[in-house]
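Here is the file target.cif (mmCIF, C-alpha atoms).
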```
data_structure
loop_
_atom_site.label_atom_id
_atom_site.label_comp_id
_atom_site.auth_asym_id
_atom_site.auth_seq_id
_atom_site.Cartn_x
_atom_site.Cartn_y
_atom_site.Cartn_z
CA MET A 103 41.28 12.26 1.95
CA TRP A 104 43.75 9.44 1.52
CA ARG A 105 41.65 7.14 3.70
CA ALA A 106 38.67 7.90 1.45
CA LEU A 107 40.75 7.02 -1.62
CA ALA A 108 42.24 3.87 -0.10
CA LYS A 109 39.09 1.73 -0.18
CA PRO A 110 35.29 1.95 -0.48
CA PHE A 111 33.62 3.44 2.57
CA GLU A 112 30.24 4.00 4.21
CA ALA A 113 28.85 7.40 5.14
CA ASP A 114 29.58 6.71 8.84
CA ASP A 115 33.27 6.21 8.05
CA LEU A 116 33.63 9.88 7.07
CA PRO A 117 33.71 12.99 9.24
CA ARG A 118 30.48 14.98 9.40
CA ASP A 119 32.04 17.80 7.36
CA ILE A 120 33.72 16.42 4.26
CA ALA A 121 34.58 19.81 2.80
CA PRO A 122 38.21 19.45 3.98
CA ILE A 123 38.47 16.21 1.96
CA LEU A 124 37.35 18.00 -1.19
CA ALA A 125 39.66 20.94 -0.48
CA SER A 126 42.63 18.59 -0.10
CA PHE A 127 41.70 16.85 -3.34
CA SER A 128 41.39 20.16 -5.19
CA ALA A 129 44.91 21.10 -4.05
CA LEU A 130 46.46 18.03 -5.67
CA PRO A 131 48.43 18.36 -8.91
CA VAL A 132 46.34 18.06 -12.07
CA THR A 133 47.79 14.68 -12.99
CA LEU A 134 46.76 13.21 -9.63
CA ARG A 135 43.30 14.82 -9.80
CA VAL A 136 42.76 13.25 -13.23
CA HIS A 137 43.91 9.87 -11.98
CA LEU A 138 42.01 9.87 -8.67
CA GLY A 139 39.02 12.11 -9.37
CA THR A 140 36.67 9.47 -10.74
CA VAL A 141 37.58 7.06 -7.92
CA LEU A 142 36.76 9.64 -5.24
CA ALA A 143 33.59 10.79 -7.02
CA GLU A 144 32.27 7.24 -7.41
CA ARG A 145 32.96 6.38 -3.77
CA LEU A 146 31.23 9.54 -2.60
CA ARG A 147 28.24 8.68 -4.81
CA LEU A 148 27.97 5.16 -3.42
CA ALA A 149 28.23 6.51 0.15
CA GLY A 150 25.26 8.81 -0.47
CA PHE A 151 27.00 12.12 -1.18
CA PRO A 152 25.84 13.03 -4.71
CA SER A 153 26.58 16.76 -4.43
CA GLU A 154 30.08 16.16 -3.16
CA SER A 155 30.58 13.56 -5.91
CA ARG A 156 29.76 16.21 -8.53
CA ILE A 157 32.17 18.65 -6.90
CA ALA A 158 34.99 16.10 -7.21
CA LEU A 159 34.13 15.53 -10.88
CA ASN A 160 33.96 19.27 -11.58
CA THR A 161 37.38 19.72 -10.00
CA VAL A 162 38.78 17.36 -12.63
CA ALA A 163 36.73 18.79 -15.49
CA ARG A 164 38.00 22.34 -14.81
CA GLY A 165 41.41 21.16 -15.86
CA GLY A 166 40.02 20.22 -19.27
CA ASN A 167 40.34 16.53 -18.59
CA GLU A 168 37.37 14.21 -19.09
CA SER A 169 37.14 10.43 -19.44
CA ILE A 170 34.51 7.80 -20.09
CA GLU A 171 34.74 6.86 -16.41
CA GLN A 172 33.68 10.42 -15.51
CA THR A 173 30.86 10.25 -18.04
CA LEU A 174 29.68 7.01 -16.43
CA THR A 175 29.66 8.49 -12.91
CA VAL A 176 27.79 11.62 -14.10
CA ALA A 177 25.19 9.43 -15.84
CA ARG A 178 24.76 7.39 -12.66
CA LEU A 179 24.19 10.58 -10.67
CA ASP A 180 21.71 11.92 -13.23
CA LEU A 181 19.65 8.70 -13.22
CA THR A 182 18.06 9.75 -9.92
CA GLY A 183 17.30 13.32 -10.97
CA THR A 184 15.35 15.23 -13.59
CA ARG A 185 17.85 14.33 -16.34
CA SER A 186 17.24 10.60 -16.14
CA GLU A 187 16.31 10.17 -19.81
CA ASP A 188 19.48 11.94 -20.90
CA ALA A 189 21.45 9.77 -18.47
CA ARG A 190 19.99 6.60 -20.00
CA ALA A 191 20.95 7.79 -23.47
CA ARG A 192 24.54 8.36 -22.34
CA LEU A 193 24.64 4.96 -20.66
CA GLN A 194 23.44 3.32 -23.88
CA ASP A 195 26.28 5.04 -25.78
CA LEU A 196 28.80 3.83 -23.20
CA ALA A 197 27.39 0.28 -23.29
CA THR A 198 28.29 -0.10 -26.97
CA GLY A 199 31.97 -0.45 -26.01
CA THR A 200 33.84 -3.64 -25.23
CA GLY A 201 35.57 -2.99 -21.92
CA LEU A 202 34.90 -2.62 -18.23
CA THR A 203 33.15 0.74 -18.52
CA ALA A 204 30.76 -0.65 -21.16
CA ALA A 205 29.92 -3.55 -18.84
CA GLU A 206 29.32 -1.17 -15.93
CA ALA A 207 27.06 1.01 -18.09
CA LEU A 208 25.04 -2.03 -19.16
CA VAL A 209 24.65 -3.08 -15.52
CA GLU A 210 23.29 0.40 -14.75
CA LEU A 211 20.77 0.20 -17.58
CA LEU A 212 19.54 -3.24 -16.53
CA GLU A 213 19.32 -2.36 -12.85
CA ASP A 214 17.62 0.96 -13.61
CA ALA A 215 14.91 -0.86 -15.59
CA ARG A 216 14.49 -3.29 -12.71
CA ARG A 217 14.14 -0.48 -10.17
CA ARG A 218 11.48 1.17 -12.34
CA GLY A 219 9.60 -2.12 -12.73
CA THR A 220 9.82 -2.10 -16.52
CA PRO A 221 11.20 -4.85 -18.80
CA PRO A 222 14.66 -4.02 -20.15
CA ASP A 223 15.47 -3.53 -23.81
CA PRO A 224 15.89 -7.11 -25.14
CA GLN A 225 19.06 -6.01 -26.92
CA TRP A 226 20.70 -5.23 -23.57
CA VAL A 227 20.10 -8.79 -22.41
CA ASP A 228 21.40 -10.14 -25.72
CA ASP A 229 24.57 -8.01 -25.51
CA ALA A 230 25.40 -8.95 -21.91
CA PRO A 231 27.08 -12.39 -22.42
CA SER A 232 29.86 -10.98 -24.62
CA LEU A 233 30.66 -8.27 -22.06
CA VAL A 234 30.57 -10.83 -19.27
CA ARG A 235 33.20 -12.84 -21.16
CA ALA A 236 35.26 -9.70 -21.84
CA THR A 237 35.34 -8.79 -18.14
CA ARG A 238 35.55 -12.33 -16.74
CA GLY A 239 37.15 -12.55 -13.32
CA THR A 240 35.96 -9.11 -12.21
CA GLU A 241 33.16 -8.18 -9.82
CA VAL A 242 31.57 -6.28 -12.72
CA ALA A 243 31.22 -9.55 -14.65
CA ARG A 244 29.36 -11.06 -11.72
CA HIS A 245 27.01 -8.08 -11.46
CA LEU A 246 26.36 -8.10 -15.20
CA ALA A 247 25.72 -11.86 -15.33
CA ARG A 248 23.18 -11.52 -12.52
CA ALA A 249 21.51 -8.40 -13.95
CA SER A 250 21.21 -9.92 -17.43
CA LEU A 251 19.54 -13.06 -16.08
CA GLN A 252 17.14 -10.90 -14.06
CA GLY A 253 16.43 -9.03 -17.28
CA GLY A 254 15.71 -12.33 -19.01
CA ILE A 255 13.22 -13.19 -16.27
CA ALA A 256 11.51 -9.81 -16.69
CA LEU A 257 11.23 -10.56 -20.43
CA ASP A 258 9.66 -13.97 -19.66
CA ARG A 259 12.60 -15.85 -21.22
CA PHE A 260 12.04 -18.60 -18.70
CA ASP A 261 13.60 -21.50 -20.62
CA VAL A 262 16.70 -19.48 -21.56
CA VAL A 263 17.31 -18.41 -17.96
CA ARG A 264 16.62 -21.90 -16.64
CA ARG A 265 19.20 -23.45 -18.98
CA ALA A 266 21.76 -20.79 -18.03
CA LEU A 267 21.25 -21.46 -14.32
CA ALA A 268 21.34 -25.22 -14.86
CA ASP A 269 24.80 -24.81 -16.42
CA GLY A 270 25.97 -23.03 -13.26
CA PRO A 271 27.47 -19.75 -14.58
CA SER A 272 31.03 -19.51 -13.28
CA GLU A 273 30.63 -15.77 -12.67
CA LEU A 274 27.91 -16.32 -10.09
CA THR A 275 28.22 -17.50 -6.52
CA VAL A 276 26.09 -20.37 -5.20
CA ALA A 277 23.98 -17.81 -3.31
CA ASP A 278 23.50 -15.80 -6.53
CA THR A 279 22.34 -18.87 -8.43
CA ASP A 280 19.92 -19.98 -5.72
CA ALA A 281 18.45 -16.48 -5.39
CA LEU A 282 17.98 -16.24 -9.15
CA LEU A 283 16.33 -19.66 -9.21
CA VAL A 284 13.79 -18.53 -6.62
CA GLU A 285 13.22 -15.31 -8.57
CA LEU A 286 12.72 -17.34 -11.75
CA ALA A 287 10.32 -19.69 -9.97
CA THR A 288 8.32 -16.78 -8.58
CA ALA A 289 7.98 -15.26 -12.05
CA VAL A 290 7.05 -18.51 -13.77
CA LEU A 291 4.48 -19.20 -11.05
CA ALA A 292 2.86 -15.87 -11.82
CA ARG A 293 3.19 -15.74 -15.60
CA GLY A 294 4.47 -19.04 -17.00
CA ARG A 295 2.64 -21.79 -18.80
CA ASP A 296 2.55 -25.31 -17.42
CA ALA A 297 5.57 -26.79 -19.25
CA PRO A 298 8.08 -24.01 -18.36
CA PHE A 299 6.74 -24.02 -14.80
CA LEU A 300 7.31 -27.75 -14.37
CA LYS A 301 10.82 -27.60 -15.84
CA VAL A 302 11.80 -24.76 -13.50
CA GLU A 303 10.35 -26.63 -10.53
CA VAL A 304 12.40 -29.75 -11.36
CA LEU A 305 15.61 -27.67 -11.42
CA LEU A 306 14.68 -25.79 -8.25
CA ARG A 307 14.14 -29.02 -6.29
CA GLN A 308 17.64 -30.16 -7.22
CA ARG A 309 19.10 -27.20 -5.30
CA ILE A 310 16.54 -26.08 -2.70
CA ARG A 311 14.24 -28.16 -0.48
CA PRO A 312 10.60 -27.15 -0.97
CA LEU A 313 10.15 -26.47 2.74
CA ASP A 314 13.18 -24.13 2.75
CA LEU A 315 11.38 -21.68 0.45
CA ASP A 316 9.70 -18.55 1.76
CA ASP A 317 6.12 -19.24 2.76
CA SER A 318 4.65 -17.09 -0.01
CA VAL A 319 6.60 -18.96 -2.70
CA ARG A 320 5.93 -22.35 -1.11
CA LEU A 321 2.18 -21.68 -0.96
CA ALA A 322 2.20 -20.53 -4.58
CA PHE A 323 3.74 -23.89 -5.57
CA LEU A 324 1.19 -25.76 -3.46
CA SER A 325 -1.68 -23.91 -5.09
CA ARG A 326 -0.29 -24.24 -8.62
CA PHE A 327 0.15 -28.00 -8.34
CA LEU A 328 -3.39 -28.31 -7.02
CA ASP A 329 -4.61 -26.36 -10.04
CA LEU A 330 -2.71 -28.81 -12.23
CA GLY A 331 -4.29 -31.79 -10.49
CA LEU A 332 -0.93 -33.01 -9.16
CA SER A 333 -1.94 -33.39 -5.53
CA GLU A 334 0.97 -35.62 -4.40
CA ARG A 335 3.44 -33.07 -5.78
CA ALA A 336 1.50 -30.28 -4.08
CA LEU A 337 1.89 -31.96 -0.69
CA ASP A 338 5.68 -31.75 -1.01
CA TYR A 339 5.21 -28.01 -0.41
CA ALA A 340 2.92 -28.44 2.61
CA SER A 341 4.26 -27.26 5.96
CA GLN A 342 4.69 -30.01 8.53
CA LYS A 343 4.08 -27.57 11.37
CA GLY A 344 0.70 -26.25 10.31
CA GLY A 345 0.39 -22.93 8.61
CA SER A 346 -2.18 -20.28 7.85
CA ALA A 347 -5.88 -21.04 7.43
CA GLU A 348 -5.37 -20.67 3.68
CA GLU A 349 -2.58 -23.25 3.65
CA GLN A 350 -4.55 -25.73 5.75
CA VAL A 351 -7.46 -25.54 3.30
CA LEU A 352 -5.06 -26.21 0.42
CA ILE A 353 -3.49 -29.15 2.24
CA ALA A 354 -6.91 -30.59 3.04
CA THR A 355 -7.91 -30.25 -0.61
CA ALA A 356 -4.77 -32.10 -1.71
CA TYR A 357 -5.38 -34.99 0.68
CA ALA A 358 -9.01 -35.21 -0.37
CA ARG A 359 -8.03 -35.49 -4.03
CA ILE A 360 -5.87 -38.51 -3.27
CA ARG A 361 -8.79 -39.84 -1.22
CA ASP A 362 -7.02 -39.69 2.13
CA PHE A 363 -10.08 -38.27 3.81
CA ASP A 364 -8.93 -38.70 7.42
CA GLN A 365 -5.80 -36.62 6.73
CA ALA A 366 -7.90 -34.10 4.84
CA ILE A 367 -10.28 -33.60 7.74
CA GLY A 368 -7.36 -33.53 10.18
CA ALA A 369 -5.66 -30.76 8.20
CA LEU A 370 -8.63 -28.51 8.96
CA ASP A 371 -8.49 -28.96 12.74
CA GLY A 372 -9.07 -25.61 14.41
CA VAL A 373 -9.93 -23.78 11.19
CA PHE A 374 -13.51 -22.56 10.88
CA THR A 375 -13.51 -19.90 8.18
CA ASP A 376 -16.27 -20.07 5.56
CA ARG A 377 -13.77 -21.42 3.06
CA ALA A 378 -12.62 -24.08 5.52
CA GLN A 379 -16.20 -25.09 6.30
CA ARG A 380 -16.97 -25.39 2.60
CA ALA A 381 -13.82 -27.45 2.05
CA ARG A 382 -14.74 -29.65 5.02
CA ALA A 383 -18.20 -30.19 3.53
CA ASP A 384 -16.69 -31.08 0.13
CA ILE A 385 -14.42 -33.64 1.82
CA LEU A 386 -17.28 -35.21 3.77
CA SER A 387 -19.29 -35.41 0.54
CA ALA A 388 -16.42 -37.12 -1.28
CA ALA A 389 -15.99 -39.50 1.66
CA GLY A 390 -19.61 -40.56 1.41
CA ARG A 391 -20.73 -38.84 4.62
CA ALA A 392 -23.63 -37.12 2.91
CA GLN A 393 -25.67 -36.21 5.98
CA ASP A 394 -22.71 -34.51 7.71
CA ALA A 395 -21.82 -32.78 4.45
CA SER A 396 -25.37 -31.48 4.05
CA ALA A 397 -25.34 -29.94 7.52
CA LEU A 398 -22.02 -28.18 6.85
CA TYR A 399 -23.11 -26.84 3.46
CA LEU A 400 -26.08 -25.27 5.15
CA THR A 401 -23.82 -23.47 7.67
CA VAL A 402 -22.29 -21.58 4.73
CA GLU A 403 -25.71 -21.02 3.14
CA ASP A 404 -25.08 -23.37 0.23
CA LEU A 405 -28.64 -24.63 -0.16
CA GLY A 406 -27.99 -26.33 -3.49
CA ASN A 407 -25.25 -28.62 -2.24
CA GLY A 408 -26.96 -28.98 1.13
CA THR A 409 -30.10 -30.28 -0.60
CA ARG A 410 -28.11 -32.55 -2.87
CA GLU A 411 -26.34 -34.17 0.08
CA ALA A 412 -29.61 -34.56 1.99
CA ILE A 413 -31.00 -36.42 -1.02
CA ARG A 414 -27.92 -38.66 -1.15
CA ALA A 415 -28.37 -39.37 2.56
CA ALA A 416 -32.08 -40.15 1.95
CA ASP A 417 -32.92 -37.62 4.66
CA TRP A 418 -36.33 -36.87 3.21
CA ASP A 419 -37.50 -34.78 6.15
CA ALA A 420 -34.53 -32.44 5.61
CA VAL A 421 -35.16 -32.42 1.85
CA ASP A 422 -38.79 -31.48 2.43
CA ARG A 423 -37.81 -28.62 4.75
CA LEU A 424 -35.19 -27.34 2.32
CA MET A 425 -37.45 -27.55 -0.70
CA ARG A 426 -40.20 -25.68 1.11
CA SER A 427 -37.73 -22.99 2.24
CA THR A 428 -36.89 -22.06 -1.33
CA GLN A 429 -39.07 -20.99 -4.19
CA SER A 430 -38.58 -22.37 -7.67
CA GLU A 431 -37.82 -19.76 -10.33
CA PRO A 432 -40.35 -19.60 -13.22
CA GLY A 433 -39.56 -22.25 -15.75
CA ASP A 434 -37.25 -24.21 -13.43
CA SER A 435 -37.65 -27.95 -13.36
CA VAL A 436 -38.18 -29.41 -9.91
CA ALA A 437 -36.70 -32.65 -11.14
CA ALA A 438 -33.50 -30.83 -12.14
CA LYS A 439 -33.29 -29.34 -8.63
CA THR A 440 -33.71 -32.63 -6.81
CA ASP A 441 -32.30 -35.33 -9.05
CA PRO A 442 -28.85 -36.31 -7.71
CA SER A 443 -27.56 -37.42 -11.09
CA ALA A 444 -28.40 -34.03 -12.60
CA MET A 445 -26.59 -32.26 -9.77
CA ASP A 446 -23.52 -34.50 -10.00
CA ALA A 447 -23.13 -34.22 -13.79
CA PRO A 448 -21.02 -31.01 -13.77
CA ASN A 449 -18.79 -32.43 -11.04
CA THR A 450 -18.28 -35.65 -13.00
CA ALA A 451 -17.27 -33.68 -16.11
CA LEU A 452 -14.84 -31.55 -14.09
CA LEU A 453 -13.23 -34.57 -12.45
CA SER A 454 -12.85 -36.29 -15.82
CA SER A 455 -11.20 -33.18 -17.30
CA MET A 456 -8.83 -32.88 -14.33
CA ALA A 457 -7.89 -36.54 -14.58
CA ASP A 458 -6.94 -36.16 -18.25
CA ARG A 459 -4.86 -33.06 -17.53
CA ARG A 460 -3.20 -34.70 -14.54
CA ALA A 461 -2.17 -37.71 -16.62
CA ALA A 462 -0.57 -35.47 -19.27
CA LEU A 463 1.33 -33.42 -16.68
CA THR A 464 2.51 -36.52 -14.84
CA ARG A 465 4.00 -37.84 -18.08
CA LEU A 466 5.87 -34.55 -18.46
CA LEU A 467 7.22 -34.72 -14.89
CA ASP A 468 8.36 -38.29 -15.44
CA LEU A 469 10.76 -37.26 -18.22
CA THR A 470 14.28 -38.24 -17.25
CA THR A 471 15.86 -35.06 -18.68
CA VAL A 472 14.76 -31.47 -18.89
CA ASP A 473 15.98 -29.67 -22.03
#
```
Could you take the file, read its structure, and then write that structure out as structure tokens?
Amino acid sequence: MWRALAKPFEADDLPRDIAPILASFSALPVTLRVHLGTVLAERLRLAGFPSESRIALNTVARGGNESIEQTLTVARLDLTGTRSEDARARLQDLATGTGLTAAEALVELLEDARRRGTPPDPQWVDDAPSLVRATRGTEVARHLARASLQGGIALDRFDVVRRALADGPSELTVADTDALLVELATAVLARGRDAPFLKVEVLLRQRIRPLDLDDSVRLAFLSRFLDLGLSERALDYASQKGGSAEEQVLIATAYARIRDFDQAIGALDGVFTDRAQRARADILSAAGRAQDASALYLTVEDLGNGTREAIRAADWDAVDRLMRSTQSEPGDSVAAKTDPSAMDAPNTALLSSMADRRAALTRLLDLTTVD
């Protein structure tokens, strides 16, 4: 029993039958049971012994002694059972205090919402900083600072969380801050608008090299920057060792957009999925290799682009074969099907739109400070 009370333990640290520990605890004088009961109950709970944790608490309660620490442990136990809503209500009552127990209760509420995949009550996130200050220097303050920032991310408070992380909260370790930055980046990639995304990315690059990110996050950055028309920035997130077929298509697309067609084609070496073949055809078209592009478009059954490229290559025999292999829909204009300028018009409009957007985003990235 005394070993169990001396320090936190894992389940493997205890004997298989822990009934003797509870019996020894029950035999202690009331004053010692009151003083040590919550400690033993909480350690049993954390080690995965909920029933035994309740027994320790009941041993104290039978003496008519209850405390807010006991209430907190009971609420924690009830969170995983059928009385979870009642447990949350008790935790909210406890979290209105100003001390360590209030901070612990607020951590439980925030982490419970996270486990359930639901956004926390905004008021909990707003209340956290004052309790962090009140418990500064404790491990609880660290847990609460981290949980409140995670809550802010879940509430899409991207700028608020970014500024907090940029200031380097003293309660958090370097590993905490870096992990939260990646979590923030992942959320803003999925749900954030362009400006918050770019500001988070600038901060992230100050602490973590793009190629040190997990592949899923790195590829999300690569894809997002391509969507924004910032191809050079996208390539910062490209693996130097070659990656999945999806990544190689994205890399090839980025190189093609900066008109490095040799690198673009090289990025697709060994990749022959339909998407890769289509990307390869797009690159050949942009590079002016219309006849090669036409042949590749036809391998993915893209007759429209295949015909267009055959026209650009002045391969009239191929054009004749392609035009005879398809039937015009009623009311369609043959001129519209075969005139290169008509076919290129939508692409020209798209490229113009992307260029305008790229210029605006580049100006934003070139800002010397991020508020």
Which residues are near A:Thr275? Cut-off 12 Å, all atoms listed in the file, ignore same chain within fewer than 3 positions. Put them as a PDB file with C-alpha atoms, in the coordinates of the input.
```pdb
ATOM      1  CA  GLU A 241      33.160  -8.180  -9.820  1.00  0.00           C
ATOM      2  CA  ALA A 243      31.220  -9.550 -14.650  1.00  0.00           C
ATOM      3  CA  ARG A 244      29.360 -11.060 -11.720  1.00  0.00           C
ATOM      4  CA  HIS A 245      27.010  -8.080 -11.460  1.00  0.00           C
ATOM      5  CA  ALA A 247      25.720 -11.860 -15.330  1.00  0.00           C
ATOM      6  CA  ARG A 248      23.180 -11.520 -12.520  1.00  0.00           C
ATOM      7  CA  LEU A 267      21.250 -21.460 -14.320  1.00  0.00           C
ATOM      8  CA  GLY A 270      25.970 -23.030 -13.260  1.00  0.00           C
ATOM      9  CA  PRO A 271      27.470 -19.750 -14.580  1.00  0.00           C
ATOM     10  CA  SER A 272      31.030 -19.510 -13.280  1.00  0.00           C
ATOM     11  CA  ASP A 278      23.500 -15.800  -6.530  1.00  0.00           C
ATOM     12  CA  THR A 279      22.340 -18.870  -8.430  1.00  0.00           C
ATOM     13  CA  ASP A 280      19.920 -19.980  -5.720  1.00  0.00           C
ATOM     14  CA  ALA A 281      18.450 -16.480  -5.390  1.00  0.00           C
ATOM     15  CA  LEU A 282      17.980 -16.240  -9.150  1.00  0.00           C
TER      16      LEU A 282
END
```
Which stretch 255-336 of chain A residues have any atom within 9 Å of an atom of stretch 221-229 of chain A, and for each, what is the nearest pair of atoms with distance in Å to one decimal, counting all atoms listed in the file, rows sorted by chain and number, as a tab-separated table?
```
residue	atom	partner	partner_atom	distance
A:Ile255	CA	A:Pro221	CA	8.9
A:Ala256	CA	A:Pro221	CA	5.4
A:Leu257	CA	A:Pro221	CA	5.9
```
Rank nothing, just name the residue among A:Thr184, A:Ser387, A:Ser427, A:Thr200 nearest to A:Ala358, using all atoms listed in the file.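 Under the stated criterion, the closest residue is A:Ser387.
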Name the closest residue to A:Leu424 among the candidates A:Leu405, A:Glu411, A:Val242, A:Thr140; distances are taken between atoms, counting only C-alpha atoms.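 For A:Leu424, the nearest of the candidates is A:Leu405.
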Given the file shown, determine the residues that the PyMOL selection byres ((chain A and resi 341-356) around 8) selects; report them as JSON, numbers by chain. {"A": [313, 321, 324, 325, 328, 333, 334, 336, 337, 339, 340, 357, 358, 359, 360, 365, 366, 367, 368, 369, 370, 373, 375, 377, 378, 381, 385]}
Interatomic distance, atom CA of A:Leu196 to atom CA of A:Leu174 (Å, one decimal):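 Atom-to-atom, atom CA of A:Leu196 to atom CA of A:Leu174, that is 7.5 Å.
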For the file shown, report as a ChimeraX atom specification the outcome of the PyMOL selection byres ((chain A and resi 176) around 12) at residue level. /A:140,143-144,147,152-153,155-160,163,168-175,177-183,185-186,188-190,192-193,207
Could you tell me which residues the PyMOL selection byres ((chain A and resi 306) around 10) returns for this structure, as a list in words?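 Applying the PyMOL selection byres ((chain A and resi 306) around 10) to the structure shown produces Arg264, Leu267, Ala268, Asp280, Leu283, Val284, Leu286, Ala287, Leu300, Lys301, Val302, Glu303, Val304, Leu305, Arg307, Gln308, Arg309, Ile310, Arg311 and Pro312 of chain A.
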Atom CA of A:Gly372 to atom CA of A:Gly390, straight-line distance in Å: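 Answer for the atom CA of A:Gly390 to atom CA of A:Gly372 separation: 22.4 Å.
Rounded to one decimal, atom CA of A:Pro231 and atom CA of A:Pro298 lie 22.6 Å from each other.
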Can you tell me which residues surround A:Val402 at a distance of at most 12 Å, considering only C-alpha atoms, apart from same-chain residues fewer than 4 positions away, and format the answer as a PyMOL selection string? chain A and resi 374-384+395-398+406-408
Neighbour list for A:Ala412 as an NGL selection string, cut-off 6 Å, only C-alpha atoms, skip fewer than 5 positions in-chain: :A and (393 or 396 or 417 or 421)
How big is the axis-aligned box, and where does its centre sit, when it encloses all atoms of stretch 411-416 of chain A listed in the file and has 4 Å added on every side, reported in Å to one decimal as lines of an AutoDock Vina configuration file?
```
center_x = -29.2
center_y = -37.2
center_z = 0.7
size_x = 13.7
size_y = 14.0
size_z = 11.7
```
Calculated over only C-alpha atoms, which of the candidates A:Arg217, A:Ser250, A:Thr161, A:Val276 has the smallest distance to A:Val132?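 Looking only at the distances to A:Val132, the closest residue turns out to be A:Thr161.
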Taking all atoms listed in the file into account, name the residue in A:Leu233, A:Gly294, A:Gly150, A:Leu332 that is nearest to A:Thr464.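 Smallest distance to A:Thr464 is found for A:Leu332.
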Given only C-alpha atoms as the counted atoms, nearest of A:Ala292, A:Asp338, A:Ala416, A:Ala197 to A:Ala322: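 Of the candidates, the smallest distance to A:Ala322 is held by A:Ala292.
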Among listed residues A:Asp296, A:Asp404, A:Asp314, A:Asp394, nearest A:Leu467 (using only C-alpha atoms): A:Asp296
Residues within 8 Å of A:Asp258, all atoms listed in the file, excluding chain neighbours under 4 positions, as a PyMOL selection string: chain A and resi 254+289-290+293-294
Expected file content for stretch 151-164 of chain A, N, CA and C atoms, as a CSV table (one decimal), in the first residue's frame:
```csv
chain,number,residue,atom,x,y,z
A,151,PHE,N,-7.8,0.9,-12.9
A,151,PHE,CA,-8.5,0.2,-11.9
A,151,PHE,C,-9.7,1.0,-11.4
A,152,PRO,N,-10.7,1.3,-12.2
A,152,PRO,CA,-11.8,2.2,-11.8
A,152,PRO,C,-12.6,1.7,-10.6
A,153,SER,N,-12.9,0.3,-10.6
A,153,SER,CA,-13.7,-0.2,-9.5
A,153,SER,C,-13.0,0.0,-8.2
A,154,GLU,N,-11.7,-0.4,-8.2
A,154,GLU,CA,-10.9,-0.2,-7.0
A,154,GLU,C,-10.7,1.2,-6.5
A,155,SER,N,-10.7,2.1,-7.5
A,155,SER,CA,-10.6,3.6,-7.2
A,155,SER,C,-11.9,4.0,-6.5
A,156,ARG,N,-13.1,3.5,-6.9
A,156,ARG,CA,-14.3,3.8,-6.2
A,156,ARG,C,-14.3,3.3,-4.8
A,157,ILE,N,-13.8,2.1,-4.6
A,157,ILE,CA,-13.8,1.5,-3.3
A,157,ILE,C,-13.0,2.4,-2.4
A,158,ALA,N,-11.8,2.9,-2.8
A,158,ALA,CA,-11.0,3.7,-2.0
A,158,ALA,C,-11.7,5.0,-1.6
A,159,LEU,N,-12.5,5.6,-2.6
A,159,LEU,CA,-13.2,6.8,-2.3
A,159,LEU,C,-14.4,6.5,-1.3
A,160,ASN,N,-15.0,5.4,-1.5
A,160,ASN,CA,-16.1,5.0,-0.6
A,160,ASN,C,-15.6,4.8,0.8
A,161,THR,N,-14.4,4.3,0.9
A,161,THR,CA,-13.9,4.1,2.3
A,161,THR,C,-13.7,5.4,3.0
A,162,VAL,N,-13.4,6.5,2.3
A,162,VAL,CA,-13.3,7.8,2.9
A,162,VAL,C,-14.7,8.4,3.1
A,163,ALA,N,-15.6,8.2,2.2
A,163,ALA,CA,-16.9,8.8,2.3
A,163,ALA,C,-17.7,8.2,3.5
A,164,ARG,N,-17.4,6.9,3.8
A,164,ARG,CA,-18.2,6.3,4.9
A,164,ARG,C,-17.9,7.0,6.2
```
